[in-house]
Amino acid sequence: MVTDEQLQTSRAIQRRTGRTFHVATKFLPERARFPTYVLYAFFRMADDVVDDPDPGPPAELRAELARMRATATGERPTDDPVLSAFSEMRERHGIADEEIEVFIDAMEADVEPEVYDTYDDLTDYLRGSSVAVAYMMLAVMGPEDEETARPHAEALAEAFQLTNFIRDVREDVTDYGRIYLPRATLRKFGVSTDDIADLRHSEGVAAAVRSELRRTEERYREGVAGIADLPEDCQFPVLLSAVLYAEYHRHVRERDFDVLSGTPSLGLSDYFRLVARTWWYWRRENDPEAAFYRASAISAEAESDPDVETESPAASAQTETTGYRDVRSIRRPFERVVNRLRKCWPVGPSE
């Protein structure tokens with residue numbers, strides 16, 4: 001049985017290192033919320049092995065990942081609170097060892113960074129770094145028809161990771177010496193990996209980032225189409241995760257696709273605004289896919305002309321929500337939503 005200490009340790013790791021997922025996790029039912037804390041803590045611990053700002057020799061990093069692999073799959077005992085809790089969660093929810101294996105393989109790929117030539121090359125990495133995570137989360141959520149849910153979960157997991165890659169180009173280069181933008185995309189717009197490594201922004205870099213943003217948004221469209229296949233009590237948290245991550249795309253566009261001079265980020269006001277919007281449309285539409293397009297920075301149709309701006313979701317909300325008559329029917333549950341969000345910042349907005 002997972003102890004309170006193990007759970008609190010896992011929760012603290014998620015809260016400290018993954019605020020966007022922490023906000024969404026708050027809205028999961030307890031049966032899925034507690035295991036999610038443990039899963040995320042395990043993922044973060046493995047990621048931290050290769051993301052250490054002062055890493056040891058590659059052989060030592062691989063040895064540590066091998067130790068985590070063995071303890072996570074139950075092959076060797078451990079007194080680490082997160083690893084022991086994860087091993088128990090794996091057994092309880094029937095998480096396949098294969099998913100742990102491919103996840104750790106992806107972490108090993110980051111020990112000595114490589115440049116990905118094509119998007120297909122990158123998808124091999126995504127299979128472990130994001131899709132395996134999605135499959136483990138499906139095991140925890142327990143959809144009625146997991147096989148139907150898996151392709152959409154795969155797409156949404158890839159979308160989240162691709163958003164991270166676009167958002168964190170500068171950080172990945174300066175802190176870890178990694179470039180996740182496919183070299184083929186860079187070449188298409190006359191950009192070299194040296195341009196990215198040297199943080200030289202240009203029209204070509206902007207075009208490459210915009211191209212990858214469009215590709216990522218196609219994965220969102222495929223992913224959110226399957227939220228309705230999840231258990232009803234898990235749909236809103238997954239929808240909220242998608243809306244929150246998609247918001248980075250708005251910030252990237254506002255920066256004219258410059259992700260080399262700084263890193264787009266979400267502030268406290270963004271979280272409150274997006275939780276409110278998502279909850280509103282979740283209750284109004286009664287359809288998670290439709291709610292996503294109402295609440296998020298991604299439209300239902302692919303961008304046709306990058307120079308033509310569509311009406312912003314904020315403007316759309318101003319015209320649509322004023323006509324909503326049954327405000328009282330959502331006020332009280334919405335207050336509970338806001339209270340949950342406030343708990344993510346227990347020391348106030350200055351944190």
# chains A, B, ... in the order shown; residues from 1 in each chain; ligands from 1
>>> residues_around(residues="Leu266 (chain A)", least_positions_apart="6", cutoff="12 Å", atoms="only C-alpha atoms", output="ChimeraX atom specification")
/A:19-20,167,243-252,272-274
>>> residues_around(residues="region 74-84 of chain A", least_positions_apart="5", cutoff="10 Å", atoms="only C-alpha atoms", output="list in words")
Met1, Val2, Thr3, Glu5, Gln6, Leu7, Gln8, Thr9, Ser10, Arg11, Ile13, Tyr37, Val38, Leu39, Tyr40, Ala41, Phe42, Met45, Arg67, Met68, Arg69, Met89, Arg90, Glu91 and Asp97 of chain A
>>> residues_around(residues="Val205 (chain A)", least_positions_apart="6", cutoff="10 Å", atoms="only C-alpha atoms", output="ChimeraX atom specification")
/A:185-187,189-192,195-196,199,211,257-260
>>> write_last_selection(atoms="C-alpha atoms", output="short mmCIF file (atom, residue, chain, number, x, y, z; two decimals), in the first residue's frame")
data_model
loop_
_atom_site.label_atom_id
_atom_site.label_comp_id
_atom_site.auth_asym_id
_atom_site.auth_seq_id
_atom_site.Cartn_x
_atom_site.Cartn_y
_atom_site.Cartn_z
CA THR A 185 12.40 21.55 -41.12
CA LEU A 186 15.30 23.90 -40.45
CA ARG A 187 16.85 23.20 -43.86
CA PHE A 189 13.62 27.42 -44.36
CA GLY A 190 17.34 28.00 -44.81
CA VAL A 191 18.26 27.55 -41.16
CA SER A 192 21.14 25.50 -39.76
CA ASP A 195 21.82 29.14 -36.06
CA ILE A 196 19.74 27.52 -33.32
CA LEU A 199 20.44 31.61 -30.71
CA SER A 211 5.77 25.07 -39.39
CA PHE A 257 7.70 32.85 -33.34
CA ASP A 258 10.88 34.01 -31.60
CA VAL A 259 11.71 31.27 -29.10
CA LEU A 260 15.45 31.97 -29.10
#
>>> atom_distance(atom1="CA of Ile179 (chain A)", atom2="CA of Phe165 (chain A)")
8.4 Å
>>> select_by_dssp(residues="region 86-189 of chain A", states="alpha helix (DSSP H)", output="mmCIF file with N, CA and C atoms, in the first residue's frame")
data_model
loop_
_atom_site.group_PDB
_atom_site.id
_atom_site.type_symbol
_atom_site.label_atom_id
_atom_site.label_comp_id
_atom_site.auth_asym_id
_atom_site.auth_seq_id
_atom_site.Cartn_x
_atom_site.Cartn_y
_atom_site.Cartn_z
ATOM 1 N N PHE A 86 5.959 3.742 -7.068
ATOM 2 C CA PHE A 86 5.715 3.498 -8.489
ATOM 3 C C PHE A 86 5.613 2.003 -8.768
ATOM 4 N N SER A 87 6.505 1.219 -8.182
ATOM 5 C CA SER A 87 6.479 -0.222 -8.416
ATOM 6 C C SER A 87 5.149 -0.817 -7.982
ATOM 7 N N GLU A 88 4.623 -0.319 -6.859
ATOM 8 C CA GLU A 88 3.324 -0.821 -6.406
ATOM 9 C C GLU A 88 2.206 -0.377 -7.334
ATOM 10 N N MET A 89 2.261 0.871 -7.790
ATOM 11 C CA MET A 89 1.259 1.360 -8.733
ATOM 12 C C MET A 89 1.289 0.554 -10.027
ATOM 13 N N ARG A 90 2.490 0.194 -10.460
ATOM 14 C CA ARG A 90 2.618 -0.596 -11.686
ATOM 15 C C ARG A 90 1.852 -1.910 -11.560
ATOM 16 N N GLU A 91 2.011 -2.572 -10.424
ATOM 17 C CA GLU A 91 1.322 -3.842 -10.220
ATOM 18 C C GLU A 91 -0.183 -3.640 -10.085
ATOM 19 N N ARG A 92 -0.576 -2.633 -9.325
ATOM 20 C CA ARG A 92 -2.004 -2.430 -9.058
ATOM 21 C C ARG A 92 -2.781 -2.104 -10.322
ATOM 22 N N HIS A 93 -2.187 -1.322 -11.211
ATOM 23 C CA HIS A 93 -2.911 -0.868 -12.401
ATOM 24 C C HIS A 93 -2.509 -1.624 -13.661
ATOM 25 N N ASP A 97 5.482 -3.592 -18.457
ATOM 26 C CA ASP A 97 6.916 -3.323 -18.346
ATOM 27 C C ASP A 97 7.456 -2.669 -19.614
ATOM 28 N N GLU A 98 6.850 -2.991 -20.745
ATOM 29 C CA GLU A 98 7.299 -2.420 -22.018
ATOM 30 C C GLU A 98 7.281 -0.895 -21.979
ATOM 31 N N GLU A 99 6.241 -0.323 -21.344
ATOM 32 C CA GLU A 99 6.137 1.129 -21.310
ATOM 33 C C GLU A 99 7.241 1.741 -20.447
ATOM 34 N N ILE A 100 7.588 1.060 -19.380
ATOM 35 C CA ILE A 100 8.692 1.537 -18.539
ATOM 36 C C ILE A 100 10.002 1.439 -19.309
ATOM 37 N N GLU A 101 10.174 0.341 -20.030
ATOM 38 C CA GLU A 101 11.404 0.129 -20.796
ATOM 39 C C GLU A 101 11.602 1.225 -21.841
ATOM 40 N N VAL A 102 10.554 1.499 -22.633
ATOM 41 C CA VAL A 102 10.731 2.481 -23.705
ATOM 42 C C VAL A 102 10.871 3.893 -23.136
ATOM 43 N N PHE A 103 10.247 4.141 -21.978
ATOM 44 C CA PHE A 103 10.420 5.446 -21.341
ATOM 45 C C PHE A 103 11.873 5.650 -20.905
ATOM 46 N N ILE A 104 12.426 4.668 -20.222
ATOM 47 C CA ILE A 104 13.821 4.780 -19.779
ATOM 48 C C ILE A 104 14.762 4.848 -20.983
ATOM 49 N N ASP A 105 14.433 4.113 -22.058
ATOM 50 C CA ASP A 105 15.245 4.191 -23.276
ATOM 51 C C ASP A 105 15.306 5.628 -23.798
ATOM 52 N N ALA A 106 14.172 6.323 -23.751
ATOM 53 C CA ALA A 106 14.136 7.713 -24.221
ATOM 54 C C ALA A 106 14.999 8.602 -23.341
ATOM 55 N N MET A 107 14.976 8.349 -22.032
ATOM 56 C CA MET A 107 15.824 9.135 -21.139
ATOM 57 C C MET A 107 17.303 8.879 -21.455
ATOM 58 N N GLU A 108 17.633 7.638 -21.766
ATOM 59 C CA GLU A 108 19.020 7.320 -22.118
ATOM 60 C C GLU A 108 19.450 8.042 -23.392
ATOM 61 N N ALA A 109 18.492 8.268 -24.289
ATOM 62 C CA ALA A 109 18.817 8.962 -25.534
ATOM 63 C C ALA A 109 19.285 10.387 -25.272
ATOM 64 N N TYR A 119 11.248 14.407 -38.834
ATOM 65 C CA TYR A 119 10.202 14.257 -37.828
ATOM 66 C C TYR A 119 9.997 12.782 -37.481
ATOM 67 N N ASP A 120 10.150 11.899 -38.470
ATOM 68 C CA ASP A 120 10.022 10.462 -38.188
ATOM 69 C C ASP A 120 11.064 10.013 -37.171
ATOM 70 N N ASP A 121 12.277 10.566 -37.279
ATOM 71 C CA ASP A 121 13.301 10.247 -36.281
ATOM 72 C C ASP A 121 12.860 10.702 -34.898
ATOM 73 N N LEU A 122 12.247 11.868 -34.839
ATOM 74 C CA LEU A 122 11.808 12.412 -33.560
ATOM 75 C C LEU A 122 10.678 11.574 -32.954
ATOM 76 N N THR A 123 9.816 11.004 -33.802
ATOM 77 C CA THR A 123 8.707 10.210 -33.265
ATOM 78 C C THR A 123 9.210 8.968 -32.536
ATOM 79 N N ASP A 124 10.359 8.454 -32.930
ATOM 80 C CA ASP A 124 10.925 7.319 -32.194
ATOM 81 C C ASP A 124 11.231 7.728 -30.758
ATOM 82 N N TYR A 125 11.752 8.931 -30.590
ATOM 83 C CA TYR A 125 12.015 9.449 -29.245
ATOM 84 C C TYR A 125 10.696 9.710 -28.506
ATOM 85 N N LEU A 126 9.726 10.259 -29.200
ATOM 86 C CA LEU A 126 8.436 10.564 -28.588
ATOM 87 C C LEU A 126 7.734 9.309 -28.083
ATOM 88 N N ALA A 132 4.589 6.645 -24.037
ATOM 89 C CA ALA A 132 4.609 5.679 -22.935
ATOM 90 C C ALA A 132 3.933 6.260 -21.697
ATOM 91 N N VAL A 133 4.158 7.547 -21.465
ATOM 92 C CA VAL A 133 3.518 8.229 -20.339
ATOM 93 C C VAL A 133 2.000 8.198 -20.505
ATOM 94 N N ALA A 134 1.528 8.468 -21.724
ATOM 95 C CA ALA A 134 0.085 8.460 -21.982
ATOM 96 C C ALA A 134 -0.511 7.077 -21.749
ATOM 97 N N TYR A 135 0.181 6.041 -22.189
ATOM 98 C CA TYR A 135 -0.337 4.688 -22.006
ATOM 99 C C TYR A 135 -0.398 4.314 -20.523
ATOM 100 N N MET A 136 0.592 4.770 -19.742
ATOM 101 C CA MET A 136 0.546 4.514 -18.304
ATOM 102 C C MET A 136 -0.620 5.260 -17.659
ATOM 103 N N MET A 137 -0.870 6.480 -18.129
ATOM 104 C CA MET A 137 -2.004 7.236 -17.599
ATOM 105 C C MET A 137 -3.327 6.578 -17.961
ATOM 106 N N LEU A 138 -3.420 6.000 -19.140
ATOM 107 C CA LEU A 138 -4.642 5.277 -19.511
ATOM 108 C C LEU A 138 -4.881 4.112 -18.564
ATOM 109 N N ALA A 139 -3.811 3.429 -18.197
ATOM 110 C CA ALA A 139 -3.945 2.306 -17.269
ATOM 111 C C ALA A 139 -4.506 2.771 -15.938
ATOM 112 N N VAL A 140 -4.129 3.961 -15.523
ATOM 113 C CA VAL A 140 -4.615 4.519 -14.257
ATOM 114 C C VAL A 140 -6.061 4.990 -14.388
ATOM 115 N N MET A 141 -6.385 5.643 -15.493
ATOM 116 C CA MET A 141 -7.749 6.170 -15.674
ATOM 117 C C MET A 141 -8.763 5.064 -15.913
ATOM 118 N N GLU A 146 -9.969 0.716 -23.928
ATOM 119 C CA GLU A 146 -8.640 1.308 -23.972
ATOM 120 C C GLU A 146 -8.072 1.321 -25.381
ATOM 121 N N GLU A 147 -8.365 0.312 -26.190
ATOM 122 C CA GLU A 147 -7.817 0.262 -27.544
ATOM 123 C C GLU A 147 -8.317 1.423 -28.383
ATOM 124 N N THR A 148 -9.568 1.819 -28.183
ATOM 125 C CA THR A 148 -10.110 2.967 -28.912
ATOM 126 C C THR A 148 -9.456 4.257 -28.444
ATOM 127 N N ALA A 149 -9.162 4.333 -27.157
ATOM 128 C CA ALA A 149 -8.597 5.561 -26.589
ATOM 129 C C ALA A 149 -7.117 5.738 -26.915
ATOM 130 N N ARG A 150 -6.399 4.658 -27.162
ATOM 131 C CA ARG A 150 -4.942 4.730 -27.281
ATOM 132 C C ARG A 150 -4.444 5.632 -28.424
ATOM 133 N N PRO A 151 -4.981 5.551 -29.646
ATOM 134 C CA PRO A 151 -4.436 6.419 -30.706
ATOM 135 C C PRO A 151 -4.584 7.902 -30.387
ATOM 136 N N HIS A 152 -5.707 8.270 -29.775
ATOM 137 C CA HIS A 152 -5.914 9.678 -29.422
ATOM 138 C C HIS A 152 -5.014 10.084 -28.268
ATOM 139 N N ALA A 153 -4.827 9.192 -27.306
ATOM 140 C CA ALA A 153 -3.918 9.478 -26.198
ATOM 141 C C ALA A 153 -2.494 9.651 -26.723
ATOM 142 N N GLU A 154 -2.106 8.833 -27.677
ATOM 143 C CA GLU A 154 -0.789 8.950 -28.300
ATOM 144 C C GLU A 154 -0.621 10.320 -28.943
ATOM 145 N N ALA A 155 -1.627 10.744 -29.711
ATOM 146 C CA ALA A 155 -1.545 12.028 -30.405
ATOM 147 C C ALA A 155 -1.456 13.184 -29.416
ATOM 148 N N LEU A 156 -2.269 13.140 -28.363
ATOM 149 C CA LEU A 156 -2.264 14.244 -27.411
ATOM 150 C C LEU A 156 -0.955 14.290 -26.627
ATOM 151 N N ALA A 157 -0.424 13.130 -26.284
ATOM 152 C CA ALA A 157 0.858 13.092 -25.580
ATOM 153 C C ALA A 157 1.964 13.664 -26.459
ATOM 154 N N GLU A 158 1.968 13.303 -27.725
ATOM 155 C CA GLU A 158 2.959 13.863 -28.638
ATOM 156 C C GLU A 158 2.794 15.375 -28.750
ATOM 157 N N ALA A 159 1.539 15.832 -28.800
ATOM 158 C CA ALA A 159 1.284 17.269 -28.903
ATOM 159 C C ALA A 159 1.864 18.013 -27.706
ATOM 160 N N PHE A 160 1.629 17.490 -26.509
ATOM 161 C CA PHE A 160 2.176 18.138 -25.315
ATOM 162 C C PHE A 160 3.702 18.222 -25.388
ATOM 163 N N GLN A 161 4.329 17.122 -25.777
ATOM 164 C CA GLN A 161 5.793 17.107 -25.829
ATOM 165 C C GLN A 161 6.315 18.036 -26.911
ATOM 166 N N LEU A 162 5.654 18.061 -28.058
ATOM 167 C CA LEU A 162 6.079 18.950 -29.136
ATOM 168 C C LEU A 162 5.929 20.408 -28.727
ATOM 169 N N THR A 163 4.863 20.717 -28.000
ATOM 170 C CA THR A 163 4.714 22.073 -27.467
ATOM 171 C C THR A 163 5.883 22.413 -26.556
ATOM 172 N N ASN A 164 6.265 21.467 -25.703
ATOM 173 C CA ASN A 164 7.433 21.677 -24.839
ATOM 174 C C ASN A 164 8.677 21.964 -25.658
ATOM 175 N N PHE A 165 8.885 21.200 -26.728
ATOM 176 C CA PHE A 165 10.073 21.385 -27.559
ATOM 177 C C PHE A 165 10.103 22.790 -28.162
ATOM 178 N N ILE A 166 8.940 23.257 -28.643
ATOM 179 C CA ILE A 166 8.870 24.579 -29.260
ATOM 180 C C ILE A 166 9.061 25.667 -28.203
ATOM 181 N N ARG A 167 8.396 25.519 -27.089
ATOM 182 C CA ARG A 167 8.495 26.514 -26.014
ATOM 183 C C ARG A 167 9.915 26.614 -25.471
ATOM 184 N N VAL A 169 12.988 25.835 -26.740
ATOM 185 C CA VAL A 169 14.149 25.768 -27.642
ATOM 186 C C VAL A 169 15.366 26.424 -26.999
ATOM 187 N N ARG A 170 15.188 27.616 -26.467
ATOM 188 C CA ARG A 170 16.330 28.331 -25.870
ATOM 189 C C ARG A 170 16.903 27.557 -24.682
ATOM 190 N N GLU A 171 16.040 27.120 -23.784
ATOM 191 C CA GLU A 171 16.498 26.404 -22.592
ATOM 192 C C GLU A 171 17.191 25.101 -22.959
ATOM 193 N N ARG A 183 15.965 18.673 -38.214
ATOM 194 C CA ARG A 183 16.907 19.341 -39.115
ATOM 195 C C ARG A 183 16.278 19.550 -40.498
ATOM 196 N N ALA A 184 15.419 18.636 -40.928
ATOM 197 C CA ALA A 184 14.780 18.784 -42.240
ATOM 198 C C ALA A 184 13.903 20.042 -42.273
ATOM 199 N N THR A 185 13.211 20.331 -41.192
ATOM 200 C CA THR A 185 12.397 21.547 -41.124
ATOM 201 C C THR A 185 13.286 22.778 -41.179
ATOM 202 N N LEU A 186 14.383 22.753 -40.433
ATOM 203 C CA LEU A 186 15.298 23.895 -40.447
ATOM 204 C C LEU A 186 15.848 24.133 -41.850
ATOM 205 N N ARG A 187 16.290 23.058 -42.505
ATOM 206 C CA ARG A 187 16.855 23.201 -43.861
ATOM 207 C C ARG A 187 15.827 23.780 -44.830
ATOM 208 N N LYS A 188 14.587 23.367 -44.681
ATOM 209 C CA LYS A 188 13.522 23.833 -45.575
ATOM 210 C C LYS A 188 13.431 25.346 -45.585
#
>>> closest_residue(among="A:Leu28, A:Ala242, A:Leu181, A:Val111", to="Glu289 (chain A)", atoms="only C-alpha atoms")
A:Ala242
>>> atom_distance(atom1="CA of Arg15 (chain A)", atom2="CA of Phe27 (chain A)")
13.9 Å
>>> closest_residue(among="A:Arg219, A:Asp110, A:Thr174, A:Ala63", to="Gly128 (chain A)", atoms="only C-alpha atoms")
A:Asp110
>>> closest_residue(among="A:Pro29, A:Gly267, A:Leu239, A:Asp4", to="Arg294 (chain A)", atoms="only C-alpha atoms")
A:Leu239
>>> residues_around(residues="Pro237 (chain A)", least_positions_apart="3", cutoff="9 Å", atoms="only C-alpha atoms", output="JSON list (two decimals) with all heavy atoms, in the first residue's frame")
[["chain", "number", "residue", "atom", "x", "y", "z"],
["A", 23, "VAL", "N", -1.79, 21.62, -11.95],
["A", 23, "VAL", "CA", -3.11, 22.26, -11.97],
["A", 23, "VAL", "C", -4.16, 21.29, -12.48],
["A", 23, "VAL", "O", -5.23, 21.12, -11.89],
["A", 23, "VAL", "CB", -3.07, 23.53, -12.84],
["A", 23, "VAL", "CG1", -4.47, 24.05, -13.09],
["A", 23, "VAL", "CG2", -2.24, 24.62, -12.17],
["A", 24, "ALA", "N", -3.87, 20.63, -13.61],
["A", 24, "ALA", "CA", -4.85, 19.71, -14.19],
["A", 24, "ALA", "C", -5.06, 18.49, -13.29],
["A", 24, "ALA", "O", -6.19, 17.99, -13.17],
["A", 24, "ALA", "CB", -4.38, 19.27, -15.58],
["A", 25, "THR", "N", -3.99, 17.99, -12.68],
["A", 25, "THR", "CA", -4.11, 16.82, -11.81],
["A", 25, "THR", "C", -5.05, 17.08, -10.65],
["A", 25, "THR", "O", -5.74, 16.17, -10.17],
["A", 25, "THR", "CB", -2.72, 16.41, -11.27],
["A", 25, "THR", "OG1", -1.86, 16.11, -12.39],
["A", 25, "THR", "CG2", -2.80, 15.17, -10.39],
["A", 26, "LYS", "N", -5.11, 18.32, -10.18],
["A", 26, "LYS", "CA", -6.00, 18.68, -9.07],
["A", 26, "LYS", "C", -7.45, 18.30, -9.33],
["A", 26, "LYS", "O", -8.23, 18.07, -8.41],
["A", 26, "LYS", "CB", -5.92, 20.18, -8.80],
["A", 26, "LYS", "CG", -4.71, 20.62, -8.00],
["A", 26, "LYS", "CD", -4.89, 20.31, -6.54],
["A", 26, "LYS", "CE", -3.78, 20.90, -5.70],
["A", 26, "LYS", "NZ", -3.97, 20.60, -4.27],
["A", 27, "PHE", "N", -7.83, 18.24, -10.60],
["A", 27, "PHE", "CA", -9.22, 18.00, -10.95],
["A", 27, "PHE", "C", -9.52, 16.53, -11.26],
["A", 27, "PHE", "O", -10.66, 16.18, -11.56],
["A", 27, "PHE", "CB", -9.61, 18.87, -12.14],
["A", 27, "PHE", "CG", -9.47, 20.34, -11.85],
["A", 27, "PHE", "CD1", -8.38, 21.06, -12.31],
["A", 27, "PHE", "CD2", -10.42, 20.99, -11.08],
["A", 27, "PHE", "CE1", -8.24, 22.40, -12.03],
["A", 27, "PHE", "CE2", -10.29, 22.34, -10.79],
["A", 27, "PHE", "CZ", -9.21, 23.05, -11.26],
["A", 28, "LEU", "N", -8.51, 15.68, -11.20],
["A", 28, "LEU", "CA", -8.75, 14.25, -11.37],
["A", 28, "LEU", "C", -9.47, 13.69, -10.15],
["A", 28, "LEU", "O", -9.26, 14.17, -9.02],
["A", 28, "LEU", "CB", -7.43, 13.51, -11.56],
["A", 28, "LEU", "CG", -6.76, 13.60, -12.93],
["A", 28, "LEU", "CD1", -5.34, 13.04, -12.85],
["A", 28, "LEU", "CD2", -7.56, 12.86, -13.99],
["A", 233, "ASP", "N", -15.23, 11.13, -15.38],
["A", 233, "ASP", "CA", -14.62, 11.90, -14.30],
["A", 233, "ASP", "C", -13.17, 12.28, -14.59],
["A", 233, "ASP", "O", -12.56, 13.01, -13.81],
["A", 233, "ASP", "CB", -14.71, 11.16, -12.96],
["A", 233, "ASP", "CG", -14.04, 9.78, -12.98],
["A", 233, "ASP", "OD1", -13.50, 9.38, -14.03],
["A", 233, "ASP", "OD2", -14.08, 9.09, -11.94],
["A", 234, "CYS", "N", -12.63, 11.82, -15.71],
["A", 234, "CYS", "CA", -11.27, 12.19, -16.10],
["A", 234, "CYS", "C", -11.24, 13.13, -17.30],
["A", 234, "CYS", "O", -10.17, 13.64, -17.66],
["A", 234, "CYS", "CB", -10.46, 10.94, -16.44],
["A", 234, "CYS", "SG", -10.16, 9.83, -15.05],
["A", 240, "LEU", "N", -8.51, 20.22, -19.74],
["A", 240, "LEU", "CA", -7.83, 21.38, -19.19],
["A", 240, "LEU", "C", -6.33, 21.34, -19.50],
["A", 240, "LEU", "O", -5.73, 22.37, -19.85],
["A", 240, "LEU", "CB", -8.06, 21.44, -17.68],
["A", 240, "LEU", "CG", -7.36, 22.58, -16.93],
["A", 240, "LEU", "CD1", -7.82, 23.94, -17.46],
["A", 240, "LEU", "CD2", -7.62, 22.48, -15.43],
["A", 241, "SER", "N", -5.72, 20.17, -19.39],
["A", 241, "SER", "CA", -4.30, 20.04, -19.75],
["A", 241, "SER", "C", -4.07, 20.49, -21.19],
["A", 241, "SER", "O", -3.11, 21.22, -21.48],
["A", 241, "SER", "CB", -3.84, 18.58, -19.59],
["A", 241, "SER", "OG", -3.86, 18.18, -18.25],
["A", 242, "ALA", "N", -4.95, 20.05, -22.09],
["A", 242, "ALA", "CA", -4.80, 20.41, -23.50],
["A", 242, "ALA", "C", -4.94, 21.92, -23.70],
["A", 242, "ALA", "O", -4.17, 22.53, -24.46],
["A", 242, "ALA", "CB", -5.82, 19.65, -24.35]]
>>> closest_residue(among="A:Asp287, A:Asp198, A:Asp48, A:Glu301", to="Ile227 (chain A)", atoms="only C-alpha atoms")
A:Asp287
>>> decode(residues="region 290-306 of chain A", atoms="N, CA and C atoms", output="compact mmCIF listing (two decimals), in the first residue's frame")
# COMPACT_ATOMS: atom_id res chain seq x y z
N ALA A 290 -15.53 19.98 -28.61
CA ALA A 290 -16.06 21.31 -28.91
C ALA A 290 -15.60 22.32 -27.88
N ALA A 291 -15.55 21.91 -26.62
CA ALA A 291 -15.10 22.82 -25.56
C ALA A 291 -13.65 23.22 -25.77
N PHE A 292 -12.82 22.30 -26.25
CA PHE A 292 -11.41 22.62 -26.50
C PHE A 292 -11.29 23.75 -27.51
N TYR A 293 -12.02 23.67 -28.60
CA TYR A 293 -11.89 24.69 -29.64
C TYR A 293 -12.48 26.03 -29.18
N ARG A 294 -13.46 25.99 -28.28
CA ARG A 294 -13.99 27.23 -27.72
C ARG A 294 -13.01 27.87 -26.74
N ALA A 295 -12.34 27.06 -25.96
CA ALA A 295 -11.54 27.57 -24.84
C ALA A 295 -10.08 27.80 -25.17
N SER A 296 -9.56 27.13 -26.19
CA SER A 296 -8.11 27.10 -26.40
C SER A 296 -7.64 28.06 -27.48
N ALA A 297 -6.33 28.12 -27.64
CA ALA A 297 -5.70 28.96 -28.66
C ALA A 297 -5.58 28.25 -29.99
N ILE A 298 -6.15 27.06 -30.12
CA ILE A 298 -6.08 26.28 -31.35
C ILE A 298 -7.45 26.17 -31.97
N SER A 299 -7.56 26.46 -33.25
CA SER A 299 -8.84 26.41 -33.95
C SER A 299 -9.12 24.99 -34.46
N ALA A 300 -10.37 24.76 -34.80
CA ALA A 300 -10.76 23.43 -35.29
C ALA A 300 -10.18 23.16 -36.67
N GLU A 301 -9.92 24.20 -37.43
CA GLU A 301 -9.38 24.05 -38.77
C GLU A 301 -7.91 24.46 -38.79
N ALA A 302 -7.14 23.80 -39.63
CA ALA A 302 -5.72 24.14 -39.75
C ALA A 302 -5.56 25.56 -40.28
N GLU A 303 -4.51 26.21 -39.84
CA GLU A 303 -4.21 27.57 -40.28
C GLU A 303 -3.97 27.58 -41.78
N SER A 304 -4.68 28.44 -42.48
CA SER A 304 -4.54 28.49 -43.93
C SER A 304 -3.57 29.57 -44.38
N ASP A 305 -3.60 30.70 -43.70
CA ASP A 305 -2.72 31.81 -44.08
C ASP A 305 -2.15 32.39 -42.81
N PRO A 306 -0.83 32.27 -42.59
CA PRO A 306 -0.24 32.74 -41.34
C PRO A 306 -0.36 34.24 -41.15
